[in-house]
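To be precise, the following lines are target-v1.csv, and they hold CSV, C-alpha atoms and all ligand atoms.
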chain,number,residue,atom,x,y,z
A,1,MET,CA,-26.8,156.8,77.9
A,2,GLN,CA,-25.1,153.5,78.1
A,3,ARG,CA,-23.8,152.1,74.9
A,4,GLU,CA,-22.2,148.8,74.1
A,5,LEU,CA,-20.3,148.5,70.9
A,6,LEU,CA,-16.8,147.1,71.5
A,7,GLN,CA,-15.9,143.5,72.0
A,8,LYS,CA,-13.2,141.0,71.4
A,9,THR,CA,-13.0,137.3,71.7
A,10,ALA,CA,-10.3,134.6,72.0
A,11,LEU,CA,-7.9,136.7,74.1
A,12,SER,CA,-4.9,135.0,75.8
A,13,ALA,CA,-3.6,136.1,79.2
A,14,ARG,CA,-0.8,137.9,77.3
A,15,ALA,CA,-3.5,139.7,75.2
A,16,LEU,CA,-5.3,140.7,78.4
A,17,ARG,CA,-2.1,142.1,79.8
A,18,THR,CA,-1.6,144.1,76.6
A,19,LEU,CA,-5.1,145.5,76.9
A,20,GLY,CA,-4.5,146.4,80.5
A,21,TRP,CA,-1.4,148.3,79.7
A,22,HIS,CA,-3.2,150.3,77.0
A,23,LEU,CA,-6.2,151.0,79.4
A,24,GLY,CA,-3.8,152.4,81.9
A,25,GLY,CA,-2.2,154.7,79.4
A,26,ARG,CA,-5.6,156.2,78.4
A,27,CYS,CA,-6.9,156.9,81.9
A,28,VAL,CA,-7.7,160.5,82.9
A,29,ALA,CA,-8.1,161.9,86.4
A,30,GLY,CA,-11.3,160.7,88.0
A,31,GLU,CA,-11.5,157.6,85.8
A,32,VAL,CA,-13.7,154.7,87.1
A,33,ILE,CA,-13.3,151.2,85.5
A,34,ALA,CA,-15.6,148.5,86.6
A,35,LEU,CA,-14.3,145.0,85.9
A,36,SER,CA,-17.0,142.4,85.8
A,37,GLY,CA,-16.5,138.6,85.4
A,38,PRO,CA,-16.5,135.4,87.3
A,39,LEU,CA,-13.8,134.2,89.7
A,40,GLY,CA,-10.6,133.5,87.7
A,41,ALA,CA,-11.7,135.6,84.7
A,42,GLY,CA,-8.6,137.8,84.8
A,43,LYS,CA,-9.9,140.9,86.6
A,44,THR,CA,-6.8,141.1,88.8
A,45,LEU,CA,-4.4,140.2,85.9
A,46,LEU,CA,-5.9,143.0,83.8
A,47,THR,CA,-5.6,145.4,86.7
A,48,GLN,CA,-1.9,144.5,87.2
A,49,ALA,CA,-1.1,145.4,83.6
A,50,LEU,CA,-3.3,148.5,83.8
A,51,ALA,CA,-1.3,149.6,86.9
A,52,ARG,CA,1.9,149.4,84.8
A,53,GLY,CA,0.3,151.3,82.0
A,54,LEU,CA,-0.6,153.9,84.5
A,55,GLY,CA,3.0,154.2,85.7
A,56,VAL,CA,2.9,152.1,88.9
A,57,GLY,CA,6.6,151.0,89.3
A,58,PHE,CA,7.5,147.4,88.4
A,59,ASP,CA,9.0,147.1,91.9
A,60,THR,CA,5.6,147.5,93.4
A,61,ARG,CA,3.6,144.3,93.8
A,62,VAL,CA,0.0,144.7,92.7
A,63,THR,CA,-2.1,142.0,94.4
A,64,SER,CA,-5.8,141.3,94.8
A,65,PRO,CA,-7.3,143.6,97.5
A,66,THR,CA,-9.9,141.0,98.5
A,67,PHE,CA,-9.2,141.4,102.2
A,68,THR,CA,-8.4,145.1,102.3
A,69,VAL,CA,-11.2,146.1,99.9
A,70,VAL,CA,-9.2,149.0,98.5
A,71,GLN,CA,-5.5,149.2,97.8
A,72,ALA,CA,-3.8,152.4,96.7
A,73,TYR,CA,-0.8,152.8,94.4
A,74,GLU,CA,1.2,155.7,93.1
A,75,GLY,CA,1.5,156.2,89.4
A,76,ARG,CA,1.1,159.0,86.8
A,77,LEU,CA,-2.3,159.1,88.5
A,78,GLY,CA,-3.1,157.4,91.8
A,79,LEU,CA,-4.6,154.0,91.4
A,80,HIS,CA,-7.3,152.8,93.8
A,81,HIS,CA,-7.8,149.1,93.2
A,82,ALA,CA,-11.0,147.8,94.9
A,83,ASP,CA,-12.5,144.3,95.2
A,84,LEU,CA,-16.1,144.5,96.4
A,85,TYR,CA,-16.5,140.7,96.7
A,86,ARG,CA,-16.8,140.9,100.5
A,87,LEU,CA,-18.8,144.1,100.5
A,88,GLY,CA,-22.2,143.9,102.3
A,89,SER,CA,-24.0,146.7,100.5
A,90,ALA,CA,-23.5,149.7,98.3
A,91,ASP,CA,-23.8,151.8,101.5
A,92,GLU,CA,-20.6,150.3,102.7
A,93,LEU,CA,-18.9,151.5,99.5
A,94,HIS,CA,-20.0,155.1,100.4
A,95,GLU,CA,-18.6,154.6,103.9
A,96,ILE,CA,-15.3,153.5,102.5
A,97,GLY,CA,-15.3,156.7,100.4
A,98,LEU,CA,-13.7,155.1,97.4
A,99,PHE,CA,-14.8,157.7,94.9
A,100,GLU,CA,-13.8,160.6,97.2
A,101,GLN,CA,-10.3,159.0,97.5
A,102,SER,CA,-9.9,158.5,93.8
A,103,VAL,CA,-11.4,161.8,92.6
A,104,ASP,CA,-8.0,162.9,91.2
A,105,GLY,CA,-6.9,159.4,90.3
A,106,VAL,CA,-8.3,156.1,88.9
A,107,ALA,CA,-10.6,153.6,90.6
A,108,VAL,CA,-10.5,150.1,89.3
A,109,ILE,CA,-13.3,147.9,90.8
A,110,GLU,CA,-13.6,144.2,90.8
A,111,TRP,CA,-17.0,142.7,91.6
A,112,PRO,CA,-18.7,146.1,90.9
A,113,GLU,CA,-22.1,144.3,91.1
A,114,HIS,CA,-21.7,144.1,94.8
A,115,GLY,CA,-21.7,147.9,94.9
A,116,ALA,CA,-24.8,148.0,92.7
A,117,GLY,CA,-26.0,151.5,92.1
A,118,ALA,CA,-22.9,153.1,93.5
A,119,ILE,CA,-20.7,153.0,90.4
A,120,PRO,CA,-20.7,156.4,88.8
A,121,GLU,CA,-22.4,157.1,85.4
A,122,GLY,CA,-19.3,157.8,83.5
A,123,ALA,CA,-17.6,154.5,84.3
A,124,LEU,CA,-16.1,152.2,81.8
A,125,TRP,CA,-17.5,148.7,82.3
A,126,VAL,CA,-15.4,145.8,81.2
A,127,PHE,CA,-17.1,142.5,81.0
A,128,ILE,CA,-14.8,139.5,80.9
A,129,THR,CA,-16.1,136.1,79.9
A,130,VAL,CA,-14.3,132.8,80.2
A,131,GLU,CA,-14.4,131.1,76.8
A,132,GLY,CA,-12.0,128.3,77.6
A,133,PRO,CA,-9.2,127.5,80.1
A,134,GLU,CA,-6.8,129.9,78.4
A,135,THR,CA,-9.1,132.3,76.5
A,136,ARG,CA,-11.3,135.2,77.5
A,137,GLY,CA,-13.8,137.5,75.8
A,138,VAL,CA,-13.9,141.2,76.6
A,139,ARG,CA,-16.8,143.6,76.2
A,140,PHE,CA,-16.7,147.4,76.9
A,141,ALA,CA,-19.8,149.3,77.9
A,142,GLY,CA,-20.2,152.9,79.0
A,143,ASP,CA,-21.2,156.3,77.7
A,144,GLU,CA,-20.0,157.8,74.5
A,145,ALA,CA,-17.2,159.8,76.0
A,146,VAL,CA,-15.6,156.9,78.0
A,147,LEU,CA,-15.9,154.5,75.1
A,148,ALA,CA,-14.3,157.1,72.8
A,149,ARG,CA,-11.4,157.4,75.2
A,150,PHE,CA,-10.8,153.6,75.5
A,151,ALA,CA,-11.9,152.3,72.1
A,152,SER,CA,-8.4,152.1,70.6
A,153,ALA,CA,-7.1,150.1,73.6
A,154,LEU,CA,-9.1,147.1,72.5
A,155,GLY,CA,-7.3,146.7,69.2
A,156,ALA,CA,-3.8,147.9,70.2
A,157,GLY,CA,-0.9,145.6,69.9
A,158,GLU,CA,2.3,145.0,71.8
A,159,GLU,CA,4.2,147.9,70.2
A,160,GLY,CA,5.2,150.3,72.9
A,161,VAL,CA,4.3,148.0,75.8
A,162,ASP,CA,7.0,147.6,78.4
A,163,PRO,CA,7.9,143.8,78.1
A,164,ARG,CA,8.1,143.5,81.9
A,165,VAL,CA,4.2,143.6,81.9
A,166,TYR,CA,4.4,140.0,80.6
A,167,SER,CA,6.7,138.6,83.3
A,168,HIS,CA,4.7,137.0,86.1
A,169,ASP,CA,7.5,137.6,88.6
A,170,GLY,CA,6.0,138.8,91.9
A,171,ASP,CA,2.8,139.7,90.1
A,172,ASP,CA,0.7,136.5,90.1
A,173,PRO,CA,-2.9,137.3,90.5
B,201,LIG,N1,-6.8,134.4,78.6
B,201,LIG,C1,-6.6,134.7,79.9
B,201,LIG,N2,-6.8,135.9,80.4
B,201,LIG,C2,-6.7,136.1,81.8
B,201,LIG,N3,-6.3,135.2,82.7
B,201,LIG,C3,-6.1,133.9,82.2
B,201,LIG,C4,-6.2,133.6,80.8
B,201,LIG,N4,-5.9,132.3,80.7
B,201,LIG,C5,-5.6,131.9,81.9
B,201,LIG,N5,-5.7,132.8,82.8
B,201,LIG,C6,-5.4,132.6,84.2
B,201,LIG,O1,-6.6,132.9,84.9
B,201,LIG,C7,-6.3,133.5,86.2
B,201,LIG,C8,-7.0,134.8,86.4
B,201,LIG,O2,-6.9,135.2,87.7
B,201,LIG,P1,-7.3,136.6,88.3
B,201,LIG,O3,-6.8,137.7,87.4
B,201,LIG,O4,-7.0,136.6,89.7
B,201,LIG,O5,-8.9,136.5,88.1
B,201,LIG,P2,-10.0,137.4,88.8
B,201,LIG,O6,-9.4,138.5,89.5
B,201,LIG,O7,-11.0,137.7,87.8
B,201,LIG,O8,-10.7,136.4,89.8
B,201,LIG,C9,-4.8,133.6,86.2
B,201,LIG,O9,-4.3,132.6,87.0
B,201,LIG,C10,-4.4,133.6,84.8
B,201,LIG,O10,-3.1,133.1,84.6
B,202,MG,MG,-9.4,139.3,91.5
What is this file in structure tokens?
Ligand SMILES: Nc1ncnc2c1ncn2[C@@H]1O[C@H](COP(=O)(O)OP(=O)(O)O)[C@@H](O)[C@H]1O
Ligand SMILES: [Mg+2]
Amino acid sequence: MQRELLQKTALSARALRTLGWHLGGRCVAGEVIALSGPLGAGKTLLTQALARGLGVGFDTRVTSPTFTVVQAYEGRLGLHHADLYRLGSADELHEIGLFEQSVDGVAVIEWPEHGAGAIPEGALWVFITVEGPETRGVRFAGDEAVLARFASALGAGEEGVDPRVYSHDGDDP
């Protein structure tokens, strides 16, 4: 059953990076995170910070996989970063084999709506809304288990966050 109970408003880019870091730290093998929101919402920015929280080295550039569809990175768990913007259909997503590739790792998916029906049941859905030029709202949806796993990430502060997450060097979305 899908439940929706967690949300936060007025998040700065810095706050979104903090959130991404904490999401990465909480991922388990087989995690699927669907990032929904309009162009420029901060899906890639959030993924970059999530990658660092997942242990992807700071010397590895994490960029938008718009043209490659899926980009893989090594971390504590393997990260498979997908952007379905150019995807024709959900069938194509099955052909790519994203979820087979990421079964022992983490799949983070931008534009998950373009793979409608193919996103697994247990996924965490993160809806990002643009509230103003510099502020975003974030809403979590998913089943009870996944929400329980990630609930504390939404309120977590900067304590324990590697400060390099906040430097844009080489990591502009
Ligand atoms: N509060 C915020 N949260 C996230 N990004 C923000 C925020 N304010 C401004 N931005 C800017 O919005 C852009 C988000 O880009 P990106 O992550 O590529 O979006 P998406 O992948 O959703 O298209 C970045 O240039 C970022 O600096
Ligand atoms: Mg993007």
Radius query 12 Å about (-17.0, 137.7, 84.5), atoms used: only C-alpha atoms, as a compact mmCIF listing (two decimals) with C-alpha atoms, in the frame of the given file:
# COMPACT_ATOMS: atom_id res chain seq x y z
CA ALA A 34 -15.60 148.50 86.60
CA LEU A 35 -14.30 145.00 85.90
CA SER A 36 -17.00 142.40 85.80
CA GLY A 37 -16.50 138.60 85.40
CA PRO A 38 -16.50 135.40 87.30
CA LEU A 39 -13.80 134.20 89.70
CA GLY A 40 -10.60 133.50 87.70
CA ALA A 41 -11.70 135.60 84.70
CA GLY A 42 -8.60 137.80 84.80
CA LYS A 43 -9.90 140.90 86.60
CA THR A 44 -6.80 141.10 88.80
CA GLU A 110 -13.60 144.20 90.80
CA TRP A 111 -17.00 142.70 91.60
CA PRO A 112 -18.70 146.10 90.90
CA GLU A 113 -22.10 144.30 91.10
CA TRP A 125 -17.50 148.70 82.30
CA VAL A 126 -15.40 145.80 81.20
CA PHE A 127 -17.10 142.50 81.00
CA ILE A 128 -14.80 139.50 80.90
CA THR A 129 -16.10 136.10 79.90
CA VAL A 130 -14.30 132.80 80.20
CA GLU A 131 -14.40 131.10 76.80
CA ARG A 136 -11.30 135.20 77.50
CA GLY A 137 -13.80 137.50 75.80
CA VAL A 138 -13.90 141.20 76.60
CA ARG A 139 -16.80 143.60 76.20
Excluding Leu98 (chain A) and residues on its chain fewer than 5 positions from it, collect all residues at most 12 Å away from it, counting only C-alpha atoms, and give them as a list in words.
->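 So, after excluding close chain neighbours, the residues are Gly30, Val32, Val69, Val70, Gln71, Ala72, Leu79, His80, His81, Ala82, Asp83, Leu84, Ala90, Asp91, Glu92, Leu93, Val103, Asp104, Gly105, Val106, Ala107, Val108, Ile109, Gly115, Ala118, Ile119 and Pro120 of chain A.
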Residue nearest Leu147 (chain A) - candidates A:Gly122, A:Thr66, A:Ser102, A:Leu45, atoms counted: only C-alpha atoms =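 For Leu147 (chain A), the nearest of the given residues is A:Gly122.
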Which residue gives the smallest distance to Leu11 (chain A) among A:Glu134, A:Glu74, A:Glu31, A:Glu95, with all atoms listed in the file counted?
-> A:Glu134
Min atom-atom distance to Gly155 (chain A) from the set A:His114, A:Arg76, A:Arg17, A:His22, counting all atoms listed in the file, belongs to A:His22
Near-region 160-162 of chain A list (12 Å; only C-alpha atoms; drop same-chain fewer than 5 positions) as a list in words =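 Here the qualifying residues turn out to be Arg14, Ala15, Arg17, Thr18, Leu19, Gly20, Trp21, His22, Leu23, Gly24, Gly25, Ala49, Leu50, Arg52, Gly53, Leu54, Gly55, Gly57, Phe58, Ala153 and Ser167 of chain A.
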Selected residues written out, C-alpha atoms, as a compact mmCIF listing (two decimals), in the coordinates of the input:
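Result file part.txt:
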# COMPACT_ATOMS: atom_id res chain seq x y z
CA ARG A 14 -0.80 137.90 77.30
CA ALA A 15 -3.50 139.70 75.20
CA ARG A 17 -2.10 142.10 79.80
CA THR A 18 -1.60 144.10 76.60
CA LEU A 19 -5.10 145.50 76.90
CA GLY A 20 -4.50 146.40 80.50
CA TRP A 21 -1.40 148.30 79.70
CA HIS A 22 -3.20 150.30 77.00
CA LEU A 23 -6.20 151.00 79.40
CA GLY A 24 -3.80 152.40 81.90
CA GLY A 25 -2.20 154.70 79.40
CA ALA A 49 -1.10 145.40 83.60
CA LEU A 50 -3.30 148.50 83.80
CA ARG A 52 1.90 149.40 84.80
CA GLY A 53 0.30 151.30 82.00
CA LEU A 54 -0.60 153.90 84.50
CA GLY A 55 3.00 154.20 85.70
CA GLY A 57 6.60 151.00 89.30
CA PHE A 58 7.50 147.40 88.40
CA ALA A 153 -7.10 150.10 73.60
CA SER A 167 6.70 138.60 83.30
May I ask which of the residues A:Val165, A:Ala151, A:Ala145, A:Leu46 is the closest one to ligand MG 202 (chain B), counting only C-alpha atoms and all ligand atoms?
->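 Of A:Val165, A:Ala151, A:Ala145, A:Leu46, the one nearest ligand MG 202 (chain B), counting only C-alpha atoms and all ligand atoms, is A:Leu46.
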Of the residues A:Val56, A:Val62, A:Leu6, A:Ile96, which is the one nearest to ligand LIG 201 (chain B), using only C-alpha atoms and all ligand atoms?
->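 Going through A:Val56, A:Val62, A:Leu6, A:Ile96 one by one, the smallest distance to ligand LIG 201 (chain B) is for A:Val62.
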Nearest to ligand MG 202 (chain B), restricted to all atoms listed in the file and choosing among A:Val28, A:Phe99, A:Ser64, A:Ala10, comes out as A:Ser64
Can you tell me how far CA of Glu121 (chain A) sits from atom C7 of ligand LIG 201 (chain B), in Å to one decimal?
->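 These atoms are spaced 28.6 Å apart.
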Length of the CA of Cys27 (chain A) to CA of Ala116 (chain A) vector [Å] =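 Computing the Euclidean distance for CA of Cys27 (chain A) and CA of Ala116 (chain A) yields 22.7 Å.
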Which distance in Å separates CA of Gly75 (chain A) and CA of Gly117 (chain A), to one decimal?
->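 Distance reported for this atom pair: 28.0 Å.
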